[in-house]
Each structure stands twice: as C-alpha cells, then as structure tokens.
Amino acid sequence: DGGITQSPKYLFRKEGQNVTLSCEQNLNHDAMYWYRQDPGQGLRLIYYSQIVNDFQKGDIAEGYSVSREKKESFPLTVTSAQKNPTAFYLCASSIEWRQYFSEDSPLHFGNGTRLTVT
Amino acid sequence: SQQGEEDPQALSIQEGENATMNCSYKTSINNLQWYRQNSGRGLVHLILIRSNEREKHSGRLRVTLDTSKKSSSLLITASRAADTASYFCATDDKTSYDKVIFGPGTSLSVIP
C-alpha cells in the first residue's frame, strides 16, 4: 500500500543535540511538507518542497533544516538553535505543488514523530 | 494572516447523536477542507468544498460553506464511538497559494 512513513514514532534527545526525523513516501508525489503541531494549536508549516532538489521555508523555519535529494525522502533536522523543539512533527505530501486543494490530491500525512527534548 | 478557527474547541456527545463543528476564516478562499486526526496519528482528508459550493455530502458527513460569513460547518450524523477524534478545517488564501492554513481543531468525544 502506498503511504508516508515517519520514523521513529517517539524520539528523545538532550538539549543542545541535533536530531533528524525521517519521512519517506512511496506515493510518487512531487510535493512534500513538514508541519509542527503543538497542543491546542493548528498545524504550522516548517518547510516545504515542490520538487526534488528544491525546498522553501515555511512559517516557522528557524532552527530547522531539510534536504530533498530523492523524490521519496524529505528528512527534517531539528537543530540546537530551535528554542522549543518538543512537539509532534507531521510530514505530508501531495501529487503536485499547489494541488493540495484538489479532491484528487489532498494532503496525505504520515503518523508523526513525537520529539521530546530535555 | 488568515487563520481558520474551529468552534467549539471540545465537544462531547452520546453515540447516535449528531455532532456539529464550525470553522471561521478571515480572507477570501478558493476551497475549504476538513481533516480528521485520531489521537497520536496523522491527519486524514475527509472532504473538500469549493468556494462556489454551498453544501456537500459524503456518507454521514455534511459540510456547508457560507462565504459571505466566512464560515463552514461540519455535521457528522448518527455519531459512533469510532468518530472520536480531532477535526480540523483547512483553508487556502485566495491571494497566496503558498500555504494551507489549519485551524486549532475541535476535539470530539463520542460516548458509547
């Protein structure tokens, strides 16, 4: 079955350490996204990638970095510069950029990684 | 910036009752979507309604859109315990295609 796989499901790190969250999709989607979810808040966009070898900052990119070397992979690194890294991180994809508001191409989400930094 | 806001923040009903959630937004939109999130999981797309549509149905779901009031509602009829989840509306900004705006969500509890 096609889908998005995020790993690990839970991640614990000490303050000051960088950590990389994995996101892999086998949907053959061009566009991929990283969102952060905090309790009681909507999803906030961290980074997005319209196509392989391209990515753009979202609303809250400070303290994060990404790469898009392969179409199916969009890893997110949470650096020590991120002030409040503890959160639930969601990866998503869509067939094409700006096509996520099509019934044929909504956003598809992974099951998230819960990161705790102490 | 545009923001979708769901209302109520939390809703608790008995199984078999109908559940209504509302979403308000600030700017003109092309489309509005509703997503569902089970606890600790990713979001799942439920339904999309276009700005020129007023009502749409999908199974037990009914979505309405009032662009004059910049609001939408999601009705789940004959609720089941399995409908327990958080529900989010998502809007796009008609003047900017760069991002989807998610509201903070409504947490629905359906008591068996």
# chains A, B, ... in the order shown; residues from 1 in each chain; ligands from 1

call {"tool": "interface_residues", "arguments": {"of": "chain A", "to": "chain B", "cutoff": "6 Å", "atoms": "only C-alpha atoms", "output": "PyMOL selection string"}}
result
chain A and resi 40-43+109-112

call {"tool": "write_last_selection", "arguments": {"atoms": "all heavy atoms", "output": "PDB file, in the first residue's frame"}}
result
ATOM      1  N   GLY A  40      -3.405  22.095  21.325  1.00  0.00           N
ATOM      2  CA  GLY A  40      -4.376  23.177  21.224  1.00  0.00           C
ATOM      3  C   GLY A  40      -4.145  24.129  20.065  1.00  0.00           C
ATOM      4  O   GLY A  40      -4.832  25.143  19.950  1.00  0.00           O
ATOM      5  N   GLN A  41      -3.189  23.813  19.208  1.00  0.00           N
ATOM      6  CA  GLN A  41      -2.913  24.692  18.081  1.00  0.00           C
ATOM      7  C   GLN A  41      -3.073  23.923  16.776  1.00  0.00           C
ATOM      8  O   GLN A  41      -2.984  22.700  16.733  1.00  0.00           O
ATOM      9  CB  GLN A  41      -1.499  25.251  18.166  1.00  0.00           C
ATOM     10  CG  GLN A  41      -1.246  26.121  19.386  1.00  0.00           C
ATOM     11  CD  GLN A  41       0.094  26.822  19.296  1.00  0.00           C
ATOM     12  OE1 GLN A  41       0.522  27.215  18.222  1.00  0.00           O
ATOM     13  NE2 GLN A  41       0.745  26.991  20.427  1.00  0.00           N
ATOM     14  N   GLY A  42      -3.269  24.674  15.730  1.00  0.00           N
ATOM     15  CA  GLY A  42      -3.307  24.066  14.415  1.00  0.00           C
ATOM     16  C   GLY A  42      -1.902  23.717  13.968  1.00  0.00           C
ATOM     17  O   GLY A  42      -0.920  23.970  14.655  1.00  0.00           O
ATOM     18  N   LEU A  43      -1.812  23.125  12.796  1.00  0.00           N
ATOM     19  CA  LEU A  43      -0.518  22.766  12.245  1.00  0.00           C
ATOM     20  C   LEU A  43       0.183  24.006  11.696  1.00  0.00           C
ATOM     21  O   LEU A  43      -0.442  24.854  11.057  1.00  0.00           O
ATOM     22  CB  LEU A  43      -0.697  21.751  11.110  1.00  0.00           C
ATOM     23  CG  LEU A  43      -0.901  20.297  11.505  1.00  0.00           C
ATOM     24  CD1 LEU A  43      -2.187  20.082  12.257  1.00  0.00           C
ATOM     25  CD2 LEU A  43      -0.848  19.409  10.269  1.00  0.00           C
ATOM     26  N   PHE A 109      -0.853  12.502   5.016  1.00  0.00           N
ATOM     27  CA  PHE A 109       0.009  12.664   6.173  1.00  0.00           C
ATOM     28  C   PHE A 109       0.594  11.337   6.640  1.00  0.00           C
ATOM     29  O   PHE A 109      -0.038  10.279   6.522  1.00  0.00           O
ATOM     30  CB  PHE A 109      -0.771  13.268   7.348  1.00  0.00           C
ATOM     31  CG  PHE A 109      -1.026  14.731   7.218  1.00  0.00           C
ATOM     32  CD1 PHE A 109      -2.109  15.207   6.506  1.00  0.00           C
ATOM     33  CD2 PHE A 109      -0.174  15.646   7.820  1.00  0.00           C
ATOM     34  CE1 PHE A 109      -2.353  16.570   6.382  1.00  0.00           C
ATOM     35  CE2 PHE A 109      -0.408  17.010   7.710  1.00  0.00           C
ATOM     36  CZ  PHE A 109      -1.493  17.467   6.990  1.00  0.00           C
ATOM     37  N   GLY A 110       1.813  11.418   7.192  1.00  0.00           N
ATOM     38  CA  GLY A 110       2.351  10.302   7.955  1.00  0.00           C
ATOM     39  C   GLY A 110       1.755  10.305   9.354  1.00  0.00           C
ATOM     40  O   GLY A 110       0.945  11.171   9.694  1.00  0.00           O
ATOM     41  N   ASN A 111       2.151   9.334  10.166  1.00  0.00           N
ATOM     42  CA  ASN A 111       1.602   9.226  11.513  1.00  0.00           C
ATOM     43  C   ASN A 111       2.396   9.984  12.567  1.00  0.00           C
ATOM     44  O   ASN A 111       2.117   9.862  13.752  1.00  0.00           O
ATOM     45  CB  ASN A 111       1.449   7.765  11.915  1.00  0.00           C
ATOM     46  CG  ASN A 111       0.197   7.158  11.306  1.00  0.00           C
ATOM     47  OD1 ASN A 111      -0.828   7.833  11.170  1.00  0.00           O
ATOM     48  ND2 ASN A 111       0.268   5.903  10.913  1.00  0.00           N
ATOM     49  N   GLY A 112       3.376  10.749  12.132  1.00  0.00           N
ATOM     50  CA  GLY A 112       4.020  11.679  13.038  1.00  0.00           C
ATOM     51  C   GLY A 112       5.156  11.104  13.864  1.00  0.00           C
ATOM     52  O   GLY A 112       5.279   9.887  14.062  1.00  0.00           O
TER      53      GLY A 112
END

call {"tool": "residues_around", "arguments": {"residues": "region 83-94 of chain A", "least_positions_apart": "3", "cutoff": "6 Å", "atoms": "only C-alpha atoms", "output": "VMD selection string"}}
result
chain A and resid 29 31 to 38 100 105 107 to 110 112 to 117

call {"tool": "write_last_selection", "arguments": {"atoms": "N, CA and C atoms", "output": "mmCIF file, in the first residue's frame"}}
result
data_model
loop_
_atom_site.group_PDB
_atom_site.id
_atom_site.type_symbol
_atom_site.label_atom_id
_atom_site.label_comp_id
_atom_site.auth_asym_id
_atom_site.auth_seq_id
_atom_site.Cartn_x
_atom_site.Cartn_y
_atom_site.Cartn_z
ATOM 1 N N HIS A 29 4.669 11.282 -5.112
ATOM 2 C CA HIS A 29 4.256 12.677 -5.036
ATOM 3 C C HIS A 29 5.450 13.604 -5.227
ATOM 4 N N ALA A 31 5.403 16.969 -4.238
ATOM 5 C CA ALA A 31 5.486 17.947 -3.154
ATOM 6 C C ALA A 31 5.469 17.269 -1.788
ATOM 7 N N MET A 32 6.319 17.773 -0.896
ATOM 8 C CA MET A 32 6.360 17.258 0.466
ATOM 9 C C MET A 32 6.444 18.420 1.446
ATOM 10 N N TYR A 33 5.966 18.172 2.664
ATOM 11 C CA TYR A 33 5.824 19.237 3.649
ATOM 12 C C TYR A 33 6.191 18.716 5.036
ATOM 13 N N TRP A 34 6.660 19.632 5.896
ATOM 14 C CA TRP A 34 6.820 19.333 7.306
ATOM 15 C C TRP A 34 5.995 20.332 8.116
ATOM 16 N N TYR A 35 5.197 19.783 9.035
ATOM 17 C CA TYR A 35 4.395 20.586 9.933
ATOM 18 C C TYR A 35 4.770 20.283 11.376
ATOM 19 N N ARG A 36 4.556 21.279 12.202
ATOM 20 C CA ARG A 36 4.718 21.110 13.638
ATOM 21 C C ARG A 36 3.340 21.282 14.272
ATOM 22 N N GLN A 37 3.024 20.416 15.237
ATOM 23 C CA GLN A 37 1.752 20.509 15.936
ATOM 24 C C GLN A 37 2.015 20.584 17.432
ATOM 25 N N ASP A 38 1.502 21.644 18.054
ATOM 26 C CA ASP A 38 1.567 21.817 19.491
ATOM 27 C C ASP A 38 0.159 21.699 20.062
ATOM 28 N N TYR A 100 -2.871 20.676 -3.535
ATOM 29 C CA TYR A 100 -3.389 20.029 -2.342
ATOM 30 C C TYR A 100 -4.817 20.424 -2.056
ATOM 31 N N SER A 105 -6.172 15.259 -5.017
ATOM 32 C CA SER A 105 -4.819 15.389 -4.478
ATOM 33 C C SER A 105 -4.795 16.153 -3.168
ATOM 34 N N LEU A 107 -3.789 16.633 0.896
ATOM 35 C CA LEU A 107 -2.568 16.321 1.634
ATOM 36 C C LEU A 107 -2.687 14.920 2.234
ATOM 37 N N HIS A 108 -1.612 14.139 2.075
ATOM 38 C CA HIS A 108 -1.503 12.830 2.711
ATOM 39 C C HIS A 108 -0.485 12.954 3.829
ATOM 40 N N PHE A 109 -0.853 12.502 5.016
ATOM 41 C CA PHE A 109 0.009 12.664 6.173
ATOM 42 C C PHE A 109 0.594 11.337 6.640
ATOM 43 N N GLY A 110 1.813 11.418 7.192
ATOM 44 C CA GLY A 110 2.351 10.302 7.955
ATOM 45 C C GLY A 110 1.755 10.305 9.354
ATOM 46 N N GLY A 112 3.376 10.749 12.132
ATOM 47 C CA GLY A 112 4.020 11.679 13.038
ATOM 48 C C GLY A 112 5.156 11.104 13.864
ATOM 49 N N THR A 113 6.007 12.026 14.313
ATOM 50 C CA THR A 113 7.075 11.712 15.270
ATOM 51 C C THR A 113 6.929 12.655 16.446
ATOM 52 N N ARG A 114 6.853 12.082 17.626
ATOM 53 C CA ARG A 114 6.765 12.919 18.837
ATOM 54 C C ARG A 114 8.163 13.087 19.387
ATOM 55 N N LEU A 115 8.655 14.308 19.349
ATOM 56 C CA LEU A 115 10.008 14.622 19.800
ATOM 57 C C LEU A 115 9.947 15.275 21.175
ATOM 58 N N THR A 116 10.736 14.746 22.090
ATOM 59 C CA THR A 116 10.857 15.319 23.421
ATOM 60 C C THR A 116 12.312 15.660 23.675
ATOM 61 N N VAL A 117 12.562 16.916 23.970
ATOM 62 C CA VAL A 117 13.912 17.386 24.255
ATOM 63 C C VAL A 117 13.969 17.858 25.696
#

call {"tool": "residues_around", "arguments": {"residues": "Thr77 (chain A)", "least_positions_apart": "6", "cutoff": "8 Å", "atoms": "only C-alpha atoms", "output": "ChimeraX atom specification"}}
result
/A:18-21,64-66

call {"tool": "closest_residue", "arguments": {"among": "A:Leu76, A:Lys71, A:Ile51, A:Gly63", "to": "Trp97 (chain A)", "atoms": "only C-alpha atoms"}}
result
A:Ile51

call {"tool": "closest_residue", "arguments": {"among": "A:Pro106, A:Ile46, A:Ala81, A:Pro75", "to": "Pro8 (chain A)", "atoms": "only C-alpha atoms"}}
result
A:Pro75

call {"tool": "atom_distance", "arguments": {"atom1": "CA of Thr67 (chain B)", "atom2": "CA of Trp34 (chain B)"}}
result
15.7 Å

call {"tool": "atom_distance", "arguments": {"atom1": "CA of Ser12 (chain B)", "atom2": "CA of Ile111 (chain B)"}}
result
7.3 Å

call {"tool": "closest_residue", "arguments": {"among": "B:Ser68, B:Ser73, B:Ser79, B:Ser109", "to": "Met21 (chain B)", "atoms": "only C-alpha atoms"}}
result
B:Ser73

call {"tool": "closest_residue", "arguments": {"among": "A:Glu69, A:Thr5, A:Phe12, A:Arg44", "to": "Lys57 (chain A)", "atoms": "only C-alpha atoms"}}
result
A:Arg44

call {"tool": "atom_distance", "arguments": {"atom1": "CA of Leu61 (chain B)", "atom2": "CA of Leu75 (chain B)"}}
result
5.7 Å

call {"tool": "select_by_dssp", "arguments": {"residues": "chain B", "states": "strand (DSSP E or B)", "output": "PyMOL selection string"}}
result
chain B and resi 5-7+10-14+19-24+31-37+43-50+55-58+61-66+71-76+85-93+96-102+106-111

call {"tool": "closest_residue", "arguments": {"among": "A:Ser49, A:Thr118, A:Ser80, A:Ser73", "to": "Ser7 (chain A)", "atoms": "only C-alpha atoms"}}
result
A:Ser73

call {"tool": "closest_residue", "arguments": {"among": "B:Asp93, B:Glu55, B:Thr77, B:Val110", "to": "Thr27 (chain B)", "atoms": "only C-alpha atoms"}}
result
B:Asp93

call {"tool": "residues_around", "arguments": {"residues": "Asn28 (chain A)", "least_positions_apart": "6", "cutoff": "9 Å", "atoms": "only C-alpha atoms", "output": "list of chain:residue names"}}
result
A:Gly2, A:Lys71, A:Glu72, A:Ile95

call {"tool": "residues_around", "arguments": {"residues": "Arg62 (chain B)", "least_positions_apart": "6", "cutoff": "7 Å", "atoms": "only C-alpha atoms", "output": "number ranges by chain"}}
result
B: 56, 74-76

call {"tool": "write_last_selection", "arguments": {"atoms": "N, CA, C and O atoms", "output": "PDB file, in the first residue's frame"}}
result
ATOM      1  N   LYS B  56     -22.170  20.085   0.750  1.00  0.00           N
ATOM      2  CA  LYS B  56     -21.640  18.867   0.169  1.00  0.00           C
ATOM      3  C   LYS B  56     -21.819  17.721   1.154  1.00  0.00           C
ATOM      4  O   LYS B  56     -21.720  17.917   2.358  1.00  0.00           O
ATOM      5  N   LEU B  74     -19.203  21.434   9.784  1.00  0.00           N
ATOM      6  CA  LEU B  74     -19.114  20.000   9.519  1.00  0.00           C
ATOM      7  C   LEU B  74     -20.112  19.298  10.431  1.00  0.00           C
ATOM      8  O   LEU B  74     -20.034  19.437  11.651  1.00  0.00           O
ATOM      9  N   LEU B  75     -21.029  18.579   9.828  1.00  0.00           N
ATOM     10  CA  LEU B  75     -22.020  17.822  10.586  1.00  0.00           C
ATOM     11  C   LEU B  75     -21.745  16.344  10.407  1.00  0.00           C
ATOM     12  O   LEU B  75     -21.610  15.862   9.281  1.00  0.00           O
ATOM     13  N   ILE B  76     -21.611  15.642  11.517  1.00  0.00           N
ATOM     14  CA  ILE B  76     -21.487  14.185  11.489  1.00  0.00           C
ATOM     15  C   ILE B  76     -22.794  13.628  12.042  1.00  0.00           C
ATOM     16  O   ILE B  76     -23.140  13.874  13.208  1.00  0.00           O
TER      17      ILE B  76
END
